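**Student:** What follows is my_file.cif, made up of mmCIF, N, CA and C atoms:
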data_coords
#
loop_
_atom_site.label_atom_id
_atom_site.label_comp_id
_atom_site.auth_asym_id
_atom_site.auth_seq_id
_atom_site.Cartn_x
_atom_site.Cartn_y
_atom_site.Cartn_z
N MET A 1 51.02 -3.47 -47.13
CA MET A 1 51.79 -3.60 -48.37
C MET A 1 50.96 -4.35 -49.39
N PRO A 2 51.05 -3.96 -50.65
CA PRO A 2 50.30 -4.69 -51.68
C PRO A 2 50.64 -6.18 -51.62
N PRO A 3 49.65 -7.04 -51.83
CA PRO A 3 49.87 -8.48 -51.71
C PRO A 3 50.74 -9.05 -52.82
N ASP A 4 51.00 -8.30 -53.85
CA ASP A 4 51.83 -8.79 -54.95
C ASP A 4 52.78 -7.67 -55.39
N LYS A 5 53.26 -7.72 -56.58
CA LYS A 5 54.25 -6.75 -57.06
C LYS A 5 53.62 -5.52 -57.72
N ARG A 6 52.32 -5.28 -57.48
CA ARG A 6 51.68 -4.11 -58.06
C ARG A 6 52.33 -2.83 -57.57
N PHE A 7 52.16 -1.79 -58.36
CA PHE A 7 52.71 -0.48 -58.03
C PHE A 7 52.10 0.07 -56.75
N ALA A 8 52.92 0.63 -55.89
CA ALA A 8 52.46 1.33 -54.70
C ALA A 8 53.18 2.66 -54.63
N SER A 9 52.45 3.68 -54.27
CA SER A 9 53.00 5.02 -54.12
C SER A 9 53.28 5.27 -52.64
N GLU A 10 54.33 6.01 -52.35
CA GLU A 10 54.62 6.38 -50.96
C GLU A 10 54.95 7.86 -50.87
N ILE A 11 54.37 8.51 -49.87
CA ILE A 11 54.74 9.89 -49.54
C ILE A 11 55.03 9.94 -48.05
N THR A 12 56.00 10.74 -47.67
CA THR A 12 56.41 10.87 -46.27
C THR A 12 56.41 12.35 -45.90
N PHE A 13 55.93 12.65 -44.70
CA PHE A 13 55.87 14.03 -44.23
C PHE A 13 55.80 14.05 -42.71
N HIS A 14 55.97 15.23 -42.14
CA HIS A 14 55.82 15.41 -40.70
C HIS A 14 54.38 15.80 -40.38
N VAL A 15 53.86 15.28 -39.29
CA VAL A 15 52.53 15.65 -38.83
C VAL A 15 52.54 17.13 -38.48
N ARG A 16 51.57 17.85 -39.00
CA ARG A 16 51.46 19.29 -38.76
C ARG A 16 50.65 19.54 -37.48
N TYR A 17 50.98 20.65 -36.82
CA TYR A 17 50.30 21.02 -35.57
C TYR A 17 48.79 21.12 -35.76
N ALA A 18 48.36 21.66 -36.90
CA ALA A 18 46.92 21.86 -37.17
C ALA A 18 46.16 20.54 -37.27
N GLU A 19 46.87 19.43 -37.43
CA GLU A 19 46.23 18.11 -37.54
C GLU A 19 46.05 17.42 -36.19
N THR A 20 46.45 18.09 -35.11
CA THR A 20 46.44 17.44 -33.79
C THR A 20 45.45 18.10 -32.85
N ASP A 21 45.15 17.38 -31.78
CA ASP A 21 44.30 17.93 -30.72
C ASP A 21 45.18 18.57 -29.65
N SER A 22 44.58 18.99 -28.56
CA SER A 22 45.34 19.69 -27.52
C SER A 22 46.37 18.81 -26.82
N MET A 23 46.26 17.48 -26.98
CA MET A 23 47.25 16.56 -26.39
C MET A 23 48.37 16.22 -27.36
N GLY A 24 48.27 16.74 -28.59
CA GLY A 24 49.31 16.45 -29.58
C GLY A 24 49.05 15.21 -30.42
N PHE A 25 47.90 14.56 -30.23
CA PHE A 25 47.54 13.39 -31.03
C PHE A 25 46.85 13.84 -32.32
N VAL A 26 47.08 13.09 -33.38
CA VAL A 26 46.45 13.41 -34.66
C VAL A 26 44.96 13.14 -34.56
N HIS A 27 44.16 14.11 -35.04
CA HIS A 27 42.70 13.96 -35.09
C HIS A 27 42.35 12.86 -36.09
N HIS A 28 41.33 12.07 -35.77
CA HIS A 28 41.00 10.91 -36.61
C HIS A 28 40.71 11.28 -38.06
N ALA A 29 40.16 12.44 -38.33
CA ALA A 29 39.83 12.84 -39.70
C ALA A 29 41.08 13.09 -40.55
N ALA A 30 42.20 13.42 -39.92
CA ALA A 30 43.44 13.71 -40.67
C ALA A 30 43.92 12.48 -41.44
N TYR A 31 43.70 11.29 -40.89
CA TYR A 31 44.14 10.06 -41.57
C TYR A 31 43.45 9.91 -42.92
N LEU A 32 42.17 10.29 -42.98
CA LEU A 32 41.44 10.21 -44.25
C LEU A 32 41.95 11.24 -45.25
N VAL A 33 42.32 12.42 -44.77
CA VAL A 33 42.92 13.44 -45.64
C VAL A 33 44.26 12.93 -46.17
N TRP A 34 45.03 12.28 -45.32
CA TRP A 34 46.31 11.72 -45.76
C TRP A 34 46.09 10.62 -46.80
N PHE A 35 45.05 9.80 -46.62
CA PHE A 35 44.72 8.77 -47.60
C PHE A 35 44.40 9.42 -48.93
N GLU A 36 43.64 10.51 -48.90
CA GLU A 36 43.34 11.22 -50.14
C GLU A 36 44.62 11.74 -50.80
N GLU A 37 45.52 12.27 -50.01
CA GLU A 37 46.80 12.73 -50.56
C GLU A 37 47.57 11.56 -51.16
N GLY A 38 47.51 10.41 -50.51
CA GLY A 38 48.15 9.21 -51.04
C GLY A 38 47.57 8.78 -52.38
N ARG A 39 46.24 8.84 -52.50
CA ARG A 39 45.60 8.51 -53.78
C ARG A 39 45.99 9.50 -54.87
N SER A 40 46.03 10.77 -54.52
CA SER A 40 46.44 11.79 -55.49
C SER A 40 47.88 11.56 -55.93
N ALA A 41 48.76 11.24 -54.99
CA ALA A 41 50.16 10.96 -55.34
C ALA A 41 50.26 9.73 -56.23
N PHE A 42 49.48 8.69 -55.91
CA PHE A 42 49.47 7.48 -56.73
C PHE A 42 49.11 7.82 -58.17
N ILE A 43 48.03 8.55 -58.35
CA ILE A 43 47.56 8.88 -59.70
C ILE A 43 48.58 9.76 -60.42
N ARG A 44 49.18 10.73 -59.72
CA ARG A 44 50.21 11.58 -60.35
C ARG A 44 51.41 10.75 -60.78
N GLU A 45 51.84 9.83 -59.94
CA GLU A 45 53.00 8.99 -60.27
C GLU A 45 52.72 8.07 -61.45
N ARG A 46 51.44 7.80 -61.71
CA ARG A 46 51.07 6.98 -62.86
C ARG A 46 50.82 7.83 -64.11
N GLY A 47 51.07 9.15 -64.03
CA GLY A 47 50.97 10.01 -65.20
C GLY A 47 49.64 10.72 -65.38
N TRP A 48 48.77 10.69 -64.36
CA TRP A 48 47.48 11.35 -64.43
C TRP A 48 47.34 12.29 -63.25
N SER A 49 46.15 12.84 -63.06
CA SER A 49 45.84 13.65 -61.88
C SER A 49 44.33 13.66 -61.70
N TYR A 50 43.88 13.94 -60.49
CA TYR A 50 42.44 14.09 -60.26
C TYR A 50 41.90 15.23 -61.11
N ALA A 51 42.68 16.31 -61.22
CA ALA A 51 42.24 17.44 -62.06
C ALA A 51 42.07 16.99 -63.51
N GLY A 52 42.97 16.15 -64.00
CA GLY A 52 42.86 15.62 -65.36
C GLY A 52 41.65 14.73 -65.54
N ILE A 53 41.35 13.94 -64.51
CA ILE A 53 40.17 13.07 -64.55
C ILE A 53 38.92 13.93 -64.68
N GLU A 54 38.81 14.94 -63.84
CA GLU A 54 37.63 15.79 -63.87
C GLU A 54 37.55 16.61 -65.16
N ALA A 55 38.69 17.07 -65.66
CA ALA A 55 38.70 17.84 -66.91
C ALA A 55 38.25 16.97 -68.10
N SER A 56 38.44 15.65 -67.98
CA SER A 56 38.01 14.76 -69.06
C SER A 56 36.52 14.40 -68.97
N GLY A 57 35.83 14.96 -67.94
CA GLY A 57 34.38 14.75 -67.84
C GLY A 57 33.96 13.61 -66.93
N TYR A 58 34.89 13.11 -66.11
CA TYR A 58 34.58 12.00 -65.21
C TYR A 58 34.88 12.41 -63.78
N PHE A 59 34.25 11.71 -62.85
CA PHE A 59 34.45 11.97 -61.43
C PHE A 59 34.54 10.63 -60.71
N LEU A 60 35.34 10.59 -59.66
CA LEU A 60 35.44 9.41 -58.81
C LEU A 60 34.81 9.76 -57.46
N VAL A 61 33.75 9.02 -57.10
CA VAL A 61 32.98 9.33 -55.90
C VAL A 61 33.05 8.15 -54.94
N ALA A 62 33.31 8.44 -53.68
CA ALA A 62 33.41 7.39 -52.66
C ALA A 62 32.08 6.69 -52.44
N THR A 63 32.13 5.36 -52.38
CA THR A 63 30.92 4.58 -52.10
C THR A 63 31.09 3.67 -50.89
N ASP A 64 32.31 3.32 -50.53
CA ASP A 64 32.52 2.40 -49.42
C ASP A 64 33.88 2.68 -48.80
N LEU A 65 33.92 2.77 -47.48
CA LEU A 65 35.17 3.01 -46.76
C LEU A 65 35.27 2.04 -45.60
N GLU A 66 36.41 1.38 -45.49
CA GLU A 66 36.75 0.57 -44.32
C GLU A 66 38.01 1.16 -43.74
N ALA A 67 37.98 1.51 -42.48
CA ALA A 67 39.15 2.13 -41.85
C ALA A 67 39.44 1.48 -40.51
N ARG A 68 40.71 1.32 -40.23
CA ARG A 68 41.14 0.72 -38.96
C ARG A 68 42.25 1.59 -38.37
N TYR A 69 41.94 2.18 -37.22
CA TYR A 69 42.93 2.98 -36.50
C TYR A 69 43.69 2.06 -35.57
N LEU A 70 45.01 2.00 -35.73
CA LEU A 70 45.81 1.05 -34.98
C LEU A 70 46.62 1.68 -33.85
N ARG A 71 47.10 2.89 -34.09
CA ARG A 71 47.98 3.57 -33.14
C ARG A 71 47.91 5.06 -33.45
N ALA A 72 48.00 5.88 -32.46
CA ALA A 72 47.91 7.33 -32.67
C ALA A 72 49.24 7.91 -33.14
N ALA A 73 49.16 8.77 -34.13
CA ALA A 73 50.33 9.56 -34.54
C ALA A 73 50.33 10.84 -33.71
N ARG A 74 51.49 11.46 -33.61
CA ARG A 74 51.63 12.66 -32.78
C ARG A 74 52.26 13.79 -33.57
N TYR A 75 52.08 14.97 -33.04
CA TYR A 75 52.64 16.17 -33.66
C TYR A 75 54.14 15.99 -33.96
N ASP A 76 54.54 16.40 -35.14
CA ASP A 76 55.92 16.43 -35.65
C ASP A 76 56.50 15.05 -35.94
N GLN A 77 55.74 14.00 -35.71
CA GLN A 77 56.18 12.66 -36.06
C GLN A 77 56.24 12.54 -37.59
N GLN A 78 57.20 11.83 -38.09
CA GLN A 78 57.28 11.60 -39.53
C GLN A 78 56.50 10.34 -39.86
N VAL A 79 55.55 10.47 -40.82
CA VAL A 79 54.71 9.34 -41.22
C VAL A 79 54.82 9.14 -42.73
N THR A 80 54.58 7.90 -43.15
CA THR A 80 54.57 7.55 -44.56
C THR A 80 53.19 6.99 -44.90
N VAL A 81 52.67 7.43 -46.04
CA VAL A 81 51.40 6.92 -46.57
C VAL A 81 51.74 6.08 -47.79
N ARG A 82 51.42 4.80 -47.73
CA ARG A 82 51.62 3.89 -48.87
C ARG A 82 50.24 3.58 -49.44
N THR A 83 50.08 3.76 -50.76
CA THR A 83 48.77 3.60 -51.42
C THR A 83 48.91 2.71 -52.64
N TRP A 84 47.92 1.85 -52.86
CA TRP A 84 47.91 0.98 -54.04
C TRP A 84 46.47 0.66 -54.42
N ILE A 85 46.31 0.11 -55.61
CA ILE A 85 44.98 -0.31 -56.07
C ILE A 85 44.80 -1.78 -55.74
N VAL A 86 43.69 -2.07 -55.08
CA VAL A 86 43.33 -3.44 -54.73
C VAL A 86 42.60 -4.09 -55.90
N GLU A 87 41.69 -3.32 -56.50
CA GLU A 87 40.86 -3.87 -57.56
C GLU A 87 40.37 -2.74 -58.46
N ALA A 88 40.33 -3.00 -59.76
CA ALA A 88 39.74 -2.07 -60.73
C ALA A 88 38.70 -2.86 -61.52
N ARG A 89 37.44 -2.51 -61.31
CA ARG A 89 36.36 -3.17 -62.03
C ARG A 89 35.87 -2.25 -63.15
N SER A 90 34.82 -2.62 -63.80
CA SER A 90 34.34 -1.84 -64.95
C SER A 90 33.90 -0.43 -64.57
N ARG A 91 33.35 -0.25 -63.38
CA ARG A 91 32.84 1.06 -62.97
C ARG A 91 33.44 1.56 -61.65
N ALA A 92 34.29 0.78 -61.02
CA ALA A 92 34.77 1.15 -59.69
C ALA A 92 36.24 0.80 -59.51
N ILE A 93 36.89 1.56 -58.65
CA ILE A 93 38.29 1.34 -58.28
C ILE A 93 38.34 1.25 -56.76
N THR A 94 39.04 0.26 -56.23
CA THR A 94 39.25 0.17 -54.79
C THR A 94 40.72 0.41 -54.49
N PHE A 95 40.98 1.44 -53.70
CA PHE A 95 42.33 1.77 -53.24
C PHE A 95 42.50 1.26 -51.82
N ALA A 96 43.72 0.94 -51.46
CA ALA A 96 44.07 0.63 -50.08
C ALA A 96 45.22 1.52 -49.67
N CYS A 97 45.32 1.75 -48.38
CA CYS A 97 46.48 2.51 -47.89
C CYS A 97 46.88 1.98 -46.53
N GLU A 98 48.12 2.21 -46.24
CA GLU A 98 48.65 1.97 -44.90
C GLU A 98 49.46 3.19 -44.54
N ILE A 99 49.20 3.72 -43.37
CA ILE A 99 49.98 4.83 -42.85
C ILE A 99 50.80 4.28 -41.71
N PHE A 100 52.09 4.56 -41.75
CA PHE A 100 52.97 3.98 -40.74
C PHE A 100 54.04 4.97 -40.33
N GLU A 101 54.66 4.68 -39.19
CA GLU A 101 55.75 5.52 -38.69
C GLU A 101 56.93 5.39 -39.65
N ALA A 102 57.42 6.51 -40.14
CA ALA A 102 58.47 6.48 -41.15
C ALA A 102 59.77 5.89 -40.63
N ASP A 103 60.05 6.03 -39.35
CA ASP A 103 61.34 5.58 -38.84
C ASP A 103 61.39 4.10 -38.47
N ASP A 104 60.23 3.46 -38.26
CA ASP A 104 60.30 2.04 -37.88
C ASP A 104 59.20 1.16 -38.48
N ASP A 105 58.42 1.68 -39.41
CA ASP A 105 57.40 0.92 -40.12
C ASP A 105 56.26 0.40 -39.25
N ARG A 106 56.06 0.92 -38.04
CA ARG A 106 54.93 0.48 -37.23
C ARG A 106 53.65 1.08 -37.80
N ALA A 107 52.67 0.22 -38.09
CA ALA A 107 51.42 0.67 -38.70
C ALA A 107 50.60 1.52 -37.74
N LEU A 108 50.05 2.62 -38.28
CA LEU A 108 49.19 3.52 -37.53
C LEU A 108 47.73 3.40 -37.98
N PHE A 109 47.54 3.14 -39.27
CA PHE A 109 46.20 3.21 -39.86
C PHE A 109 46.20 2.39 -41.13
N ARG A 110 45.09 1.68 -41.37
CA ARG A 110 44.89 0.95 -42.63
C ARG A 110 43.49 1.23 -43.12
N ALA A 111 43.33 1.35 -44.43
CA ALA A 111 42.00 1.63 -44.97
C ALA A 111 41.88 1.12 -46.40
N ARG A 112 40.63 0.94 -46.80
CA ARG A 112 40.26 0.61 -48.19
C ARG A 112 39.11 1.54 -48.55
N LEU A 113 39.15 2.04 -49.77
CA LEU A 113 38.11 2.95 -50.24
C LEU A 113 37.73 2.57 -51.66
N THR A 114 36.43 2.39 -51.89
CA THR A 114 35.94 2.11 -53.23
C THR A 114 35.33 3.39 -53.79
N LEU A 115 35.74 3.71 -55.00
CA LEU A 115 35.26 4.89 -55.72
C LEU A 115 34.55 4.43 -56.98
N ILE A 116 33.39 5.01 -57.27
CA ILE A 116 32.68 4.69 -58.49
C ILE A 116 32.88 5.82 -59.49
N CYS A 117 32.94 5.47 -60.75
CA CYS A 117 33.15 6.44 -61.82
C CYS A 117 31.79 7.01 -62.25
N LEU A 118 31.70 8.32 -62.28
CA LEU A 118 30.50 9.01 -62.75
C LEU A 118 30.84 9.84 -63.98
N ASP A 119 29.84 9.99 -64.87
CA ASP A 119 30.03 10.88 -66.01
C ASP A 119 29.69 12.31 -65.59
N SER A 120 29.77 13.25 -66.53
CA SER A 120 29.55 14.66 -66.19
C SER A 120 28.11 14.95 -65.76
N ALA A 121 27.18 14.05 -66.06
CA ALA A 121 25.79 14.22 -65.63
C ALA A 121 25.54 13.56 -64.27
N GLY A 122 26.56 12.96 -63.68
CA GLY A 122 26.42 12.32 -62.37
C GLY A 122 25.90 10.90 -62.43
N ARG A 123 25.94 10.27 -63.59
CA ARG A 123 25.47 8.88 -63.74
C ARG A 123 26.66 7.92 -63.66
N PRO A 124 26.49 6.78 -63.00
CA PRO A 124 27.55 5.77 -63.01
C PRO A 124 27.88 5.37 -64.44
N THR A 125 29.16 5.22 -64.72
CA THR A 125 29.60 4.88 -66.07
C THR A 125 30.82 4.00 -66.01
N ARG A 126 31.12 3.37 -67.13
CA ARG A 126 32.33 2.54 -67.22
C ARG A 126 33.58 3.42 -67.12
N ILE A 127 34.59 2.87 -66.51
CA ILE A 127 35.88 3.56 -66.45
C ILE A 127 36.44 3.60 -67.86
N PRO A 128 36.89 4.77 -68.32
CA PRO A 128 37.42 4.87 -69.69
C PRO A 128 38.62 3.95 -69.92
N GLU A 129 38.70 3.38 -71.10
CA GLU A 129 39.83 2.51 -71.47
C GLU A 129 41.15 3.25 -71.35
N SER A 130 41.14 4.56 -71.59
CA SER A 130 42.38 5.34 -71.53
C SER A 130 42.98 5.36 -70.13
N TRP A 131 42.24 4.98 -69.11
CA TRP A 131 42.77 4.92 -67.74
C TRP A 131 43.49 3.63 -67.44
N ARG A 132 43.34 2.62 -68.27
CA ARG A 132 43.88 1.29 -67.97
C ARG A 132 45.37 1.30 -67.66
N ALA A 133 46.14 2.13 -68.34
CA ALA A 133 47.59 2.16 -68.12
C ALA A 133 47.94 2.49 -66.68
N TRP A 134 47.30 3.52 -66.10
CA TRP A 134 47.64 3.87 -64.72
C TRP A 134 46.92 2.98 -63.72
N LEU A 135 45.83 2.38 -64.11
CA LEU A 135 45.12 1.47 -63.20
C LEU A 135 45.83 0.15 -63.04
N GLU A 136 46.38 -0.37 -64.12
CA GLU A 136 46.94 -1.71 -64.10
C GLU A 136 48.46 -1.75 -63.93
N GLY A 137 49.08 -0.58 -64.00
CA GLY A 137 50.54 -0.50 -63.91
C GLY A 137 51.04 -0.97 -62.63
#
I'd like the structure from this file rewritten - as structure tokens, please.

**Tutor:**
Amino acid sequence: MPPDKRFASEITFHVRYAETDSMGFVHHAAYLVWFEEGRSAFIRERGWSYAGIEASGYFLVATDLEARYLRAARYDQQVTVRTWIVEARSRAITFACEIFEADDDRALFRARLTLICLDSAGRPTRIPESWRAWLEG
């Protein structure tokens, strides 16, 4: 959970069969896909979209990932992805997420991801001022 009253986005869904192995456990890579979906939901709820970011000539590229797998999710289990911004610097944004069991809040996965802002030529650049509203909200 965010350490303060900052905005956090939540999405809840059932684990799909395609995300599991032959034992019914979620494959480790699926948690990162869910984190990406959480970031996309966060940005949409703040009035933007990744498509809008890219259409404006900017890109957010991963530079650092910390992930902690706590408990395995299983096929058809309902999970919630909670996502928030930990830090927004001049050229980078750090998101955090927690994925937990929707019915009892037991944590399954926690992660932090730092993304750097690139311009259309692929050079690191300052985050546009026009993003401040959804970054700081």

**Student:** Kindly resolve the PyMOL selection byres ((chain A and resi 102) around 6) on the present coordinates and return the residues as a tab-separated table (two decimals) with N, CA and C atoms, in the frame of the given file.

**Tutor:**
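Wrote it out as part-v2.tsv, contents follow:
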chain	number	residue	atom	x	y	z
A	78	GLN	N	57.20	11.83	-38.09
A	78	GLN	CA	57.28	11.60	-39.53
A	78	GLN	C	56.50	10.34	-39.86
A	79	VAL	N	55.55	10.47	-40.82
A	79	VAL	CA	54.71	9.34	-41.22
A	79	VAL	C	54.82	9.14	-42.73
A	80	THR	N	54.58	7.90	-43.15
A	80	THR	CA	54.57	7.55	-44.56
A	80	THR	C	53.19	6.99	-44.90
A	100	PHE	N	52.09	4.56	-41.75
A	100	PHE	CA	52.97	3.98	-40.74
A	100	PHE	C	54.04	4.97	-40.33
A	101	GLU	N	54.66	4.68	-39.19
A	101	GLU	CA	55.75	5.52	-38.69
A	101	GLU	C	56.93	5.39	-39.65
A	103	ASP	N	60.05	6.03	-39.35
A	103	ASP	CA	61.34	5.58	-38.84
A	103	ASP	C	61.39	4.10	-38.47
A	104	ASP	N	60.23	3.46	-38.26
A	104	ASP	CA	60.30	2.04	-37.88
A	104	ASP	C	59.20	1.16	-38.48
A	105	ASP	N	58.42	1.68	-39.41
A	105	ASP	CA	57.40	0.92	-40.12
A	105	ASP	C	56.26	0.40	-39.25

**Student:** With all atoms listed in the file as the basis for distance, which of A:Val33, A:Tyr50, A:Arg39, A:Ser120 is at the shortest distance from Ala96 of chain A?

**Tutor:**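 Answer, going by the shortest atom-to-atom distance: A:Arg39.
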
**Student:** Distance atom CA of Ile99 of chain A-atom C of Arg82 of chain A, one decimal place?

**Tutor:**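 It comes out at 6.7 Å.
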
**Student:** For the atom pair atom CA of Glu66 of chain A and atom C of Leu113 of chain A, what is the interatomic distance in Å to one decimal place?

**Tutor:** 7.7 Å

**Student:** From the options A:Cys117, A:Leu135, A:Val61, A:Arg71, which residue's atoms come nearest to Glu87 of chain A, counting all atoms listed in the file?

**Tutor:**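 Comparing A:Cys117, A:Leu135, A:Val61, A:Arg71 against Glu87 of chain A, the winner is A:Leu135.
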
**Student:** Work out how far apart atom C of Tyr75 of chain A and atom N of Ala107 of chain A are and give it in Å to one decimal.

**Tutor:** 16.4 Å
